[in-house]
$ cat target.txt   # compact mmCIF, C-alpha atoms and all ligand atoms
# COMPACT_ATOMS: atom_id res chain seq x y z
CA MET A 12 82.41 86.43 72.17
CA LEU A 13 85.58 84.41 72.78
CA ILE A 14 88.24 86.19 74.80
CA LYS A 15 91.90 85.21 74.91
CA THR A 16 93.94 86.94 77.59
CA ARG A 17 96.79 86.48 80.02
CA CYS A 18 95.75 86.17 83.64
CA ILE A 19 97.19 85.74 87.11
CA VAL A 20 95.31 83.32 89.34
CA LEU A 21 94.42 85.12 92.57
CA HIS A 22 92.52 82.45 94.44
CA ARG A 23 91.05 79.02 94.01
CA PHE A 24 88.50 77.37 96.25
CA PRO A 25 86.70 74.03 96.13
CA TYR A 26 83.17 73.87 94.81
CA SER A 27 81.09 70.69 94.98
CA ASP A 28 82.85 67.33 94.98
CA SER A 29 85.06 67.70 91.96
CA SER A 30 85.15 71.34 90.94
CA PHE A 31 86.95 74.55 91.76
CA ILE A 32 86.05 78.18 91.48
CA VAL A 33 89.00 80.23 90.31
CA LYS A 34 89.35 83.99 90.64
CA ALA A 35 91.82 85.50 88.22
CA LEU A 36 93.09 88.95 87.33
CA THR A 37 93.04 89.11 83.54
CA GLU A 38 94.99 91.54 81.43
CA GLU A 39 91.93 92.44 79.35
CA SER A 40 88.81 91.98 81.48
CA GLY A 41 89.76 92.69 85.09
CA VAL A 42 88.91 90.13 87.77
CA ILE A 43 86.76 87.24 86.64
CA SER A 44 85.57 83.99 88.19
CA PHE A 45 85.82 80.65 86.45
CA ILE A 46 84.23 77.40 87.31
CA LEU A 47 86.60 74.52 86.76
CA LYS A 48 84.56 71.35 86.46
CA GLY A 49 86.40 68.20 87.35
CA GLY A 50 89.40 70.31 88.29
CA LYS A 51 90.22 68.15 91.28
CA ARG A 52 90.84 65.08 89.14
CA LYS A 53 94.47 64.31 88.47
CA GLU A 54 93.95 64.30 84.70
CA SER A 55 92.58 67.84 84.64
CA PRO A 56 93.41 69.25 81.20
CA PHE A 57 94.67 72.53 82.65
CA LYS A 58 97.38 71.03 84.88
CA GLY A 59 99.05 73.88 86.80
CA ALA A 60 97.59 76.66 84.66
CA LEU A 61 94.92 77.53 87.20
CA ASP A 62 97.00 77.11 90.35
CA PRO A 63 97.03 80.19 92.59
CA LEU A 64 99.75 82.70 91.57
CA ALA A 65 100.26 81.10 88.15
CA LEU A 66 100.51 83.27 85.05
CA SER A 67 98.52 81.70 82.25
CA GLU A 68 96.76 82.39 79.02
CA VAL A 69 93.08 81.57 79.09
CA VAL A 70 90.34 81.45 76.51
CA PHE A 71 86.79 81.92 77.71
CA ARG A 72 83.44 82.97 76.39
CA GLN A 73 82.08 86.23 77.70
CA ASN A 74 78.33 86.43 77.69
CA PRO A 75 77.38 89.75 76.10
CA GLN A 76 73.95 89.60 77.78
CA LYS A 77 75.60 89.94 81.16
CA SER A 78 77.58 93.13 81.35
CA SER A 79 78.12 92.93 85.10
CA GLY A 80 80.84 90.32 84.71
CA ASP A 81 80.15 88.73 88.06
CA GLY A 82 78.78 85.46 86.67
CA LEU A 83 80.78 82.25 86.58
CA LEU A 84 82.56 81.66 83.30
CA PHE A 85 83.70 78.44 81.69
CA VAL A 86 87.32 78.21 80.59
CA LYS A 87 87.77 76.65 77.19
CA GLU A 88 91.56 76.63 77.22
CA ALA A 89 94.19 77.46 79.81
CA THR A 90 97.90 77.42 79.01
CA LEU A 91 100.47 77.82 81.73
CA LEU A 92 102.99 80.58 80.96
CA ASP A 93 104.84 80.80 84.28
CA TRP A 94 104.17 78.81 87.41
CA HIS A 95 106.77 80.87 89.33
CA GLY A 96 108.49 77.75 90.57
CA ASN A 97 111.56 79.52 91.98
CA MET A 98 109.40 81.98 93.89
CA ARG A 99 107.40 79.10 95.36
CA ASN A 100 110.59 77.63 96.81
CA ASP A 101 110.79 80.64 99.08
CA LEU A 102 108.24 80.82 101.89
CA MET A 103 108.47 84.58 102.44
CA SER A 104 108.12 85.42 98.76
CA THR A 105 105.15 83.09 98.39
CA ALA A 106 103.51 84.65 101.45
CA VAL A 107 103.89 88.23 100.16
CA ALA A 108 102.69 87.15 96.71
CA GLN A 109 99.54 85.79 98.34
CA VAL A 110 98.97 89.06 100.20
CA MET A 111 99.38 91.07 96.97
CA ALA A 112 96.97 88.75 95.15
CA GLU A 113 94.43 89.00 97.97
CA ILE A 114 94.63 92.81 98.12
CA VAL A 115 93.87 92.94 94.39
CA MET A 116 91.06 90.41 94.79
CA ARG A 117 89.38 92.28 97.67
CA TYR A 118 89.76 95.68 96.11
CA ALA A 119 89.11 95.09 92.47
CA PRO A 120 85.53 95.56 91.33
CA PRO A 121 84.34 92.77 88.97
CA GLY A 122 83.94 93.44 85.28
CA VAL A 123 86.21 96.48 85.15
CA PRO A 124 89.48 96.38 83.17
CA LEU A 125 92.51 96.58 85.46
CA GLN A 126 95.44 96.67 83.05
CA GLU A 127 97.74 98.57 85.38
CA GLU A 128 96.95 96.32 88.34
CA PHE A 129 97.78 93.37 86.11
CA ALA A 130 101.06 94.95 85.02
CA LEU A 131 102.12 95.75 88.60
CA LEU A 132 101.29 92.32 89.99
CA ASN A 133 102.86 90.58 87.01
CA ARG A 134 106.04 92.57 87.43
CA ALA A 135 106.20 91.84 91.17
CA LEU A 136 105.82 88.09 90.57
CA GLU A 137 108.44 88.21 87.80
CA GLU A 138 110.86 90.00 90.10
CA LEU A 139 110.33 87.46 92.88
CA GLU A 140 110.81 84.66 90.39
CA ARG A 141 114.00 86.22 89.04
CA ALA A 142 115.37 86.99 92.51
CA HIS A 143 115.16 83.31 93.46
CA SER A 144 116.38 81.99 90.15
CA SER A 145 119.83 80.42 90.15
CA ASP A 146 120.69 81.21 86.54
CA GLN A 147 123.56 83.49 85.63
CA THR A 148 121.63 86.47 84.23
CA SER A 149 119.83 87.06 87.51
CA THR A 150 123.06 86.68 89.49
CA ASP A 151 124.64 89.27 87.20
CA ALA A 152 121.66 91.57 87.54
CA ALA A 153 121.88 91.38 91.33
CA ALA A 154 125.64 92.07 91.23
CA ASN A 155 125.15 95.05 88.92
CA GLY A 156 122.33 96.37 91.03
CA THR A 157 119.94 96.22 88.07
CA GLY A 158 117.78 93.47 89.50
CA THR A 159 115.24 94.19 92.23
CA SER A 160 116.04 92.55 95.54
CA ALA A 161 113.36 90.14 96.74
CA ASN A 162 113.30 92.26 99.91
CA ASN A 163 111.98 95.27 97.99
CA VAL A 164 109.33 93.68 95.80
CA PHE A 165 106.36 93.81 98.18
CA ALA A 166 107.20 97.29 99.50
CA GLN A 167 107.65 98.64 95.96
CA TRP A 168 104.38 97.03 94.89
CA LEU A 169 102.59 98.65 97.85
CA LEU A 170 104.08 102.03 96.98
CA ASP A 171 103.10 101.70 93.30
CA THR A 172 99.64 100.42 94.20
CA CYS A 173 99.03 103.37 96.56
CA ASP A 174 100.00 105.62 93.66
CA LEU A 175 97.76 103.78 91.19
CA TRP A 176 94.76 103.93 93.51
CA GLY A 177 95.14 107.66 94.05
CA TYR A 178 97.07 107.78 97.34
CA HIS A 179 100.43 108.94 96.12
CA LEU A 180 103.10 108.83 98.79
CA ASP A 181 105.89 111.38 98.34
CA LEU A 182 109.06 109.88 99.78
CA GLY A 183 111.21 112.83 98.80
CA THR A 184 109.61 115.75 100.61
CA CYS A 185 109.01 116.78 104.21
CA SER A 186 105.25 117.06 104.70
CA ARG A 187 105.60 120.02 107.12
CA CYS A 188 108.09 122.41 105.53
CA GLU A 189 107.69 120.91 102.03
CA ARG A 190 111.44 120.98 101.45
CA SER A 191 113.19 118.18 99.58
CA LEU A 192 114.70 115.63 101.90
CA GLU A 193 118.49 115.46 101.71
CA GLU A 194 118.84 112.69 104.29
CA PRO A 195 116.61 109.97 105.73
CA PRO A 196 113.48 111.49 107.31
CA ALA A 197 113.18 111.69 111.08
CA ASP A 198 109.63 110.38 111.25
CA PHE A 199 106.80 108.85 109.23
CA HIS A 200 103.09 109.13 109.99
CA PRO A 201 101.23 106.30 108.29
CA GLU A 202 97.80 107.88 108.78
CA SER A 203 98.75 110.88 106.64
CA GLY A 204 101.68 109.41 104.76
CA GLY A 205 103.74 112.35 105.90
CA LEU A 206 107.50 112.22 106.21
CA ILE A 207 109.06 114.67 108.64
CA CYS A 208 112.55 116.12 108.18
CA ARG A 209 115.04 116.42 111.03
CA ALA A 210 114.62 120.18 111.32
CA CYS A 211 110.82 119.94 111.65
CA GLN A 212 111.06 116.99 114.01
CA GLY A 213 113.27 118.97 116.37
CA VAL A 214 113.42 117.42 119.80
CA ASP A 215 110.12 115.51 119.48
CA THR A 216 110.43 111.76 119.86
CA PRO A 217 109.67 110.12 116.52
CA ARG A 218 106.80 107.63 116.41
CA ALA A 219 108.32 105.61 113.60
CA ARG A 220 111.23 103.28 114.19
CA ILE A 221 114.58 104.05 112.64
CA GLN A 222 114.18 100.91 110.48
CA THR A 223 111.00 102.38 108.98
CA THR A 224 112.42 105.78 108.07
CA ALA A 225 115.77 104.36 106.89
CA GLY A 226 113.96 101.65 104.93
CA LEU A 227 111.61 104.10 103.20
CA TRP A 228 114.64 106.18 102.30
CA ALA A 229 116.42 103.14 100.82
CA LEU A 230 113.26 102.15 98.94
CA ARG A 231 113.08 105.58 97.38
CA SER A 232 116.61 105.23 95.97
CA ARG A 233 115.91 101.60 94.98
CA GLN A 234 118.51 100.21 97.37
CA ASP A 235 118.01 96.85 99.02
CA ILE A 236 115.87 97.53 102.11
CA GLY A 237 117.19 94.34 103.69
CA GLU A 238 116.40 93.94 107.38
CA SER A 239 114.05 96.94 107.29
CA ARG A 240 111.59 95.21 104.99
CA VAL A 241 109.09 94.18 107.66
CA PHE A 242 108.99 97.73 109.06
CA VAL A 243 108.60 99.29 105.62
CA GLU A 244 105.95 96.80 104.52
CA ASN A 245 103.96 97.36 107.71
CA ALA A 246 104.24 101.14 107.37
CA LEU A 247 102.99 101.04 103.79
CA LEU A 248 100.21 98.59 104.68
CA ALA A 249 99.14 100.93 107.49
CA TYR A 250 99.16 103.84 105.06
CA LEU A 251 97.04 101.91 102.55
CA ARG A 252 94.71 100.71 105.31
CA ASN A 253 94.18 104.27 106.48
CA HIS A 254 93.16 105.34 103.00
CA ILE A 255 91.07 102.41 101.87
CA GLY A 256 89.88 100.77 105.03
CA PHE A 257 89.48 97.30 103.61
CA LEU A 258 92.66 95.64 104.78
CA LYS A 259 91.10 94.03 107.84
CA GLU A 260 89.79 91.36 105.52
CA ILE A 261 93.16 90.36 104.12
CA HIS A 262 93.35 86.85 105.57
CA SER A 263 96.73 86.02 104.07
CA LEU A 264 98.31 88.77 106.21
CA GLN A 265 98.04 86.42 109.18
CA TRP A 266 99.95 83.77 107.29
CA LEU A 267 102.58 86.36 106.35
CA GLN A 268 103.00 87.17 110.07
CA GLU A 269 103.63 83.50 110.81
CA ILE A 270 106.24 83.27 108.05
CA ARG A 271 107.95 86.44 109.30
CA LYS A 272 108.24 84.93 112.78
CA LEU A 273 109.61 81.73 111.33
CA CYS A 274 112.16 83.53 109.17
CA SER A 275 113.39 85.80 111.95
CA ALA A 276 113.75 82.76 114.22
CA GLN A 277 115.99 81.18 111.59
CA THR A 278 118.31 84.16 111.27
CA THR A 279 118.81 84.89 114.95
ZN ZN B 301 110.50 119.76 107.32

$ encode --input "target.txt" --output "structure tokens" --more "lines below"
Ligand SMILES: [Zn+2]
Amino acid sequence: MLIKTRCIVLHRFPYSDSSFIVKALTEESGVISFILKGGKRKESPFKGALDPLALSEVVFRQNPQKSSGDGLLFVKEATLLDWHGNMRNDLMSTAVAQVMAEIVMRYAPPGVPLQEEFALLNRALEELERAHSSDQTSTDAAANGTGTSANNVFAQWLLDTCDLWGYHLDLGTCSRCERSLEEPPADFHPESGGLICRACQGVDTPRARIQTTAGLWALRSRQDIGESRVFVENALLAYLRNHIGFLKEIHSLQWLQEIRKLCSAQTT
């Protein structure tokens, strides 16, 4: 059976002298692995279509004998839809995109449809691409507050992914008294995901930094989280890690740490 689907390339690694193995999140068939013979040659017919983080349309044959979906597939056609060239010009955005792709790759079981994961990752990459685009529509969107700030994309994706995977994080309620929060929370506990209101916090010293609680509050109202992004991202990663326990293997997190250091050195 021939399958035609959009996909986002999650990872690509060399295989033998001239080939690559490509892991991609497809819209229709979840995560699949392709073998790309001769992919290292310059005249590869797929050009950038199977570069990591590219959005492409692929045609491949799915073997109905093998229902597990973990075998290597051959791509018949691959058409590049969006290489995300503007996003790639920004180190930080590229680094967070790699972390998102790797989280999906490590988590996602093979051979299971992951339409919502595809939609979330696709949207995040689109937003990063748009945020770094220089054309007028995106400038207008940013001015009107309708576009998502590049600062928020990773944090929002983490929040939505927690929700999708069954670990909903309620940013609007105090986890102790269960009242709606009317102001930024006083504390956040990543192991439980609990926000604590000022009244419940009382005189206790909060464990979370002010940047974390203020940033989570801004994220909830879709305001630019700006300088708080690293704190918010780390808090949400810690929350996800506590619930899934697989994040130790996310190798691209180390790279993200390096980029963060580099970027904060530039601004100070
Ligand atoms: Zn409370």

$ residues_near_ligand --input "target.txt" --ligand "ligand ZN 301 (chain B)" --cutoff "7 Å" --atoms "only C-alpha atoms and all ligand atoms" --output "VMD selection string"
chain A and resid 185 to 190 207 to 211

$ atom_distance --input "target.txt" --atom1 "atom CA of A:Asn163" --atom2 "atom CA of A:Gly256"
23.8 Å

$ closest_residue --input "target.txt" --among "A:Ile221, A:Ala197, A:Ile14, A:Leu230" --to "A:Trp168" --atoms "all atoms listed in the file"
A:Leu230

$ atom_distance --input "target.txt" --atom1 "atom CA of A:Gln265" --atom2 "atom CA of A:Arg220"
22.0 Å

$ residues_around --input "target.txt" --residues "A:Leu169" --least-positions-apart "4" --cutoff "9 Å" --atoms "only C-alpha atoms" --output "compact mmCIF listing (two decimals) with C-alpha atoms, keeping the file's coordinate frame"
# COMPACT_ATOMS: atom_id res chain seq x y z
CA MET A 111 99.38 91.07 96.97
CA VAL A 164 109.33 93.68 95.80
CA PHE A 165 106.36 93.81 98.18
CA CYS A 173 99.03 103.37 96.56
CA ASP A 174 100.00 105.62 93.66
CA GLU A 244 105.95 96.80 104.52
CA LEU A 247 102.99 101.04 103.79
CA LEU A 248 100.21 98.59 104.68
CA LEU A 251 97.04 101.91 102.55

$ closest_residue --input "target.txt" --among "A:Glu113, A:Asp171, A:Asp101, A:Glu38" --to "A:Ala135" --atoms "only C-alpha atoms"
A:Asp171

$ axis_aligned_box --input "target.txt" --around "stretch 155-174 of chain A" --padding-each-side "8 Å" --output "lines of an AutoDock Vina configuration file"
center_x = 112.1
center_y = 97.9
center_z = 94.0
size_x = 42.1
size_y = 31.5
size_z = 27.8

$ decode --input "target.txt" --residues "stretch 57-196 of chain A" --atoms "C-alpha atoms" --output "tab-separated table (two decimals), in the first residue's frame"
chain	number	residue	atom	x	y	z
A	57	PHE	CA	15.32	14.62	-2.23
A	58	LYS	CA	17.51	17.70	-1.71
A	59	GLY	CA	16.51	19.31	1.61
A	60	ALA	CA	13.27	17.36	2.00
A	61	LEU	CA	14.75	14.94	4.51
A	62	ASP	CA	16.89	17.41	6.46
A	63	PRO	CA	16.18	17.42	10.20
A	64	LEU	CA	13.28	19.77	11.12
A	65	ALA	CA	12.04	20.01	7.53
A	66	LEU	CA	8.34	19.70	6.76
A	67	SER	CA	7.87	17.54	3.70
A	68	GLU	CA	5.44	15.36	1.86
A	69	VAL	CA	6.61	11.80	1.44
A	70	VAL	CA	5.35	8.80	-0.45
A	71	PHE	CA	6.36	5.39	0.81
A	72	ARG	CA	5.20	1.83	0.66
A	73	GLN	CA	3.94	0.33	3.89
A	74	ASN	CA	4.33	-3.39	4.10
A	75	PRO	CA	1.00	-4.82	5.25
A	76	GLN	CA	2.76	-8.00	6.45
A	77	LYS	CA	4.56	-6.00	9.10
A	78	SER	CA	2.10	-4.31	11.38
A	79	SER	CA	4.70	-3.32	13.95
A	80	GLY	CA	5.92	-0.44	11.81
A	81	ASP	CA	9.44	-0.58	13.17
A	82	GLY	CA	11.05	-1.80	9.95
A	83	LEU	CA	13.01	0.46	7.63
A	84	LEU	CA	10.95	1.89	4.80
A	85	PHE	CA	12.01	3.12	1.39
A	86	VAL	CA	10.90	6.59	0.35
A	87	LYS	CA	9.66	6.77	-3.21
A	88	GLU	CA	9.14	10.53	-3.28
A	89	ALA	CA	9.91	13.36	-0.89
A	90	THR	CA	8.85	16.94	-1.59
A	91	LEU	CA	10.03	19.76	0.61
A	92	LEU	CA	7.15	21.92	1.89
A	93	ASP	CA	8.96	24.11	4.41
A	94	TRP	CA	12.62	24.00	5.33
A	95	HIS	CA	12.05	26.61	8.07
A	96	GLY	CA	14.89	28.74	6.79
A	97	ASN	CA	14.12	31.77	8.96
A	98	MET	CA	13.96	29.64	12.09
A	99	ARG	CA	17.32	28.10	11.22
A	100	ASN	CA	18.90	31.56	11.19
A	101	ASP	CA	18.23	31.75	14.91
A	102	LEU	CA	20.38	29.54	17.13
A	103	MET	CA	18.01	29.49	20.11
A	104	SER	CA	14.96	28.64	18.01
A	105	THR	CA	16.83	25.87	16.22
A	106	ALA	CA	18.02	24.46	19.55
A	107	VAL	CA	14.51	24.36	21.07
A	108	ALA	CA	13.13	22.87	17.84
A	109	GLN	CA	15.67	20.07	18.16
A	110	VAL	CA	14.66	19.42	21.77
A	111	MET	CA	10.96	19.27	20.81
A	112	ALA	CA	11.75	16.88	17.94
A	113	GLU	CA	13.86	14.68	20.22
A	114	ILE	CA	11.19	14.55	22.94
A	115	VAL	CA	8.67	13.35	20.34
A	116	MET	CA	11.18	10.85	18.96
A	117	ARG	CA	12.04	9.36	22.37
A	118	TYR	CA	8.47	9.24	23.57
A	119	ALA	CA	6.53	8.22	20.53
A	120	PRO	CA	5.94	4.50	20.11
A	121	PRO	CA	6.52	3.30	16.51
A	122	GLY	CA	3.60	2.41	14.31
A	123	VAL	CA	0.99	4.36	16.25
A	124	PRO	CA	-0.76	7.37	14.66
A	125	LEU	CA	0.20	10.62	16.39
A	126	GLN	CA	-1.92	13.23	14.63
A	127	GLU	CA	-2.06	15.60	17.58
A	128	GLU	CA	1.68	15.38	18.20
A	129	PHE	CA	2.18	16.20	14.53
A	130	ALA	CA	-0.18	19.18	14.76
A	131	LEU	CA	1.52	20.57	17.88
A	132	LEU	CA	5.05	20.22	16.55
A	133	ASN	CA	4.06	21.58	13.15
A	134	ARG	CA	2.44	24.60	14.76
A	135	ALA	CA	5.47	25.26	16.96
A	136	LEU	CA	7.83	25.15	13.96
A	137	GLU	CA	5.48	27.41	11.97
A	138	GLU	CA	5.39	29.91	14.81
A	139	LEU	CA	9.19	29.94	15.10
A	140	GLU	CA	9.45	30.38	11.35
A	141	ARG	CA	6.94	33.24	11.38
A	142	ALA	CA	8.53	34.93	14.39
A	143	HIS	CA	11.85	35.17	12.56
A	144	SER	CA	10.39	36.11	9.22
A	145	SER	CA	11.01	39.66	8.06
A	146	ASP	CA	7.87	40.02	5.97
A	147	GLN	CA	5.19	42.54	6.80
A	148	THR	CA	2.38	40.19	7.87
A	149	SER	CA	4.44	38.74	10.70
A	150	THR	CA	5.58	42.20	11.81
A	151	ASP	CA	1.93	43.27	11.90
A	152	ALA	CA	0.95	40.14	13.78
A	153	ALA	CA	3.61	40.82	16.40
A	154	ALA	CA	2.50	44.47	16.72
A	155	ASN	CA	-1.15	43.44	17.10
A	156	GLY	CA	-0.25	40.78	19.60
A	157	THR	CA	-1.80	38.09	17.41
A	158	GLY	CA	1.47	36.36	16.60
A	159	THR	CA	3.17	34.11	19.14
A	160	SER	CA	6.48	35.44	20.39
A	161	ALA	CA	9.43	33.15	19.67
A	162	ASN	CA	10.05	33.27	23.43
A	163	ASN	CA	6.77	31.47	24.14
A	164	VAL	CA	6.83	28.73	21.52
A	165	PHE	CA	8.79	26.06	23.41
A	166	ALA	CA	7.04	26.73	26.74
A	167	GLN	CA	3.61	26.64	25.08
A	168	TRP	CA	4.52	23.43	23.27
A	169	LEU	CA	5.63	21.86	26.58
A	170	LEU	CA	2.38	22.92	28.23
A	171	ASP	CA	0.27	21.55	25.36
A	172	THR	CA	2.31	18.35	25.21
A	173	CYS	CA	1.87	17.76	28.97
A	174	ASP	CA	-1.85	18.18	28.38
A	175	LEU	CA	-1.88	15.83	25.38
A	176	TRP	CA	0.03	13.12	27.23
A	177	GLY	CA	-2.35	13.22	30.19
A	178	TYR	CA	-0.49	15.50	32.61
A	179	HIS	CA	-2.65	18.58	32.44
A	180	LEU	CA	-1.15	21.55	34.25
A	181	ASP	CA	-3.71	24.02	35.60
A	182	LEU	CA	-2.11	27.46	35.55
A	183	GLY	CA	-5.22	29.20	36.81
A	184	THR	CA	-5.86	27.57	40.18
A	185	CYS	CA	-4.08	27.30	43.51
A	186	SER	CA	-3.39	23.62	44.14
A	187	ARG	CA	-3.94	23.98	47.92
A	188	CYS	CA	-7.10	26.04	48.35
A	189	GLU	CA	-8.33	25.37	44.79
A	190	ARG	CA	-9.33	29.00	44.34
A	191	SER	CA	-8.84	30.76	41.01
A	192	LEU	CA	-5.65	32.77	40.91
A	193	GLU	CA	-6.21	36.50	40.56
A	194	GLU	CA	-2.52	37.40	40.52
A	195	PRO	CA	0.74	35.62	39.76
A	196	PRO	CA	1.18	32.57	42.02
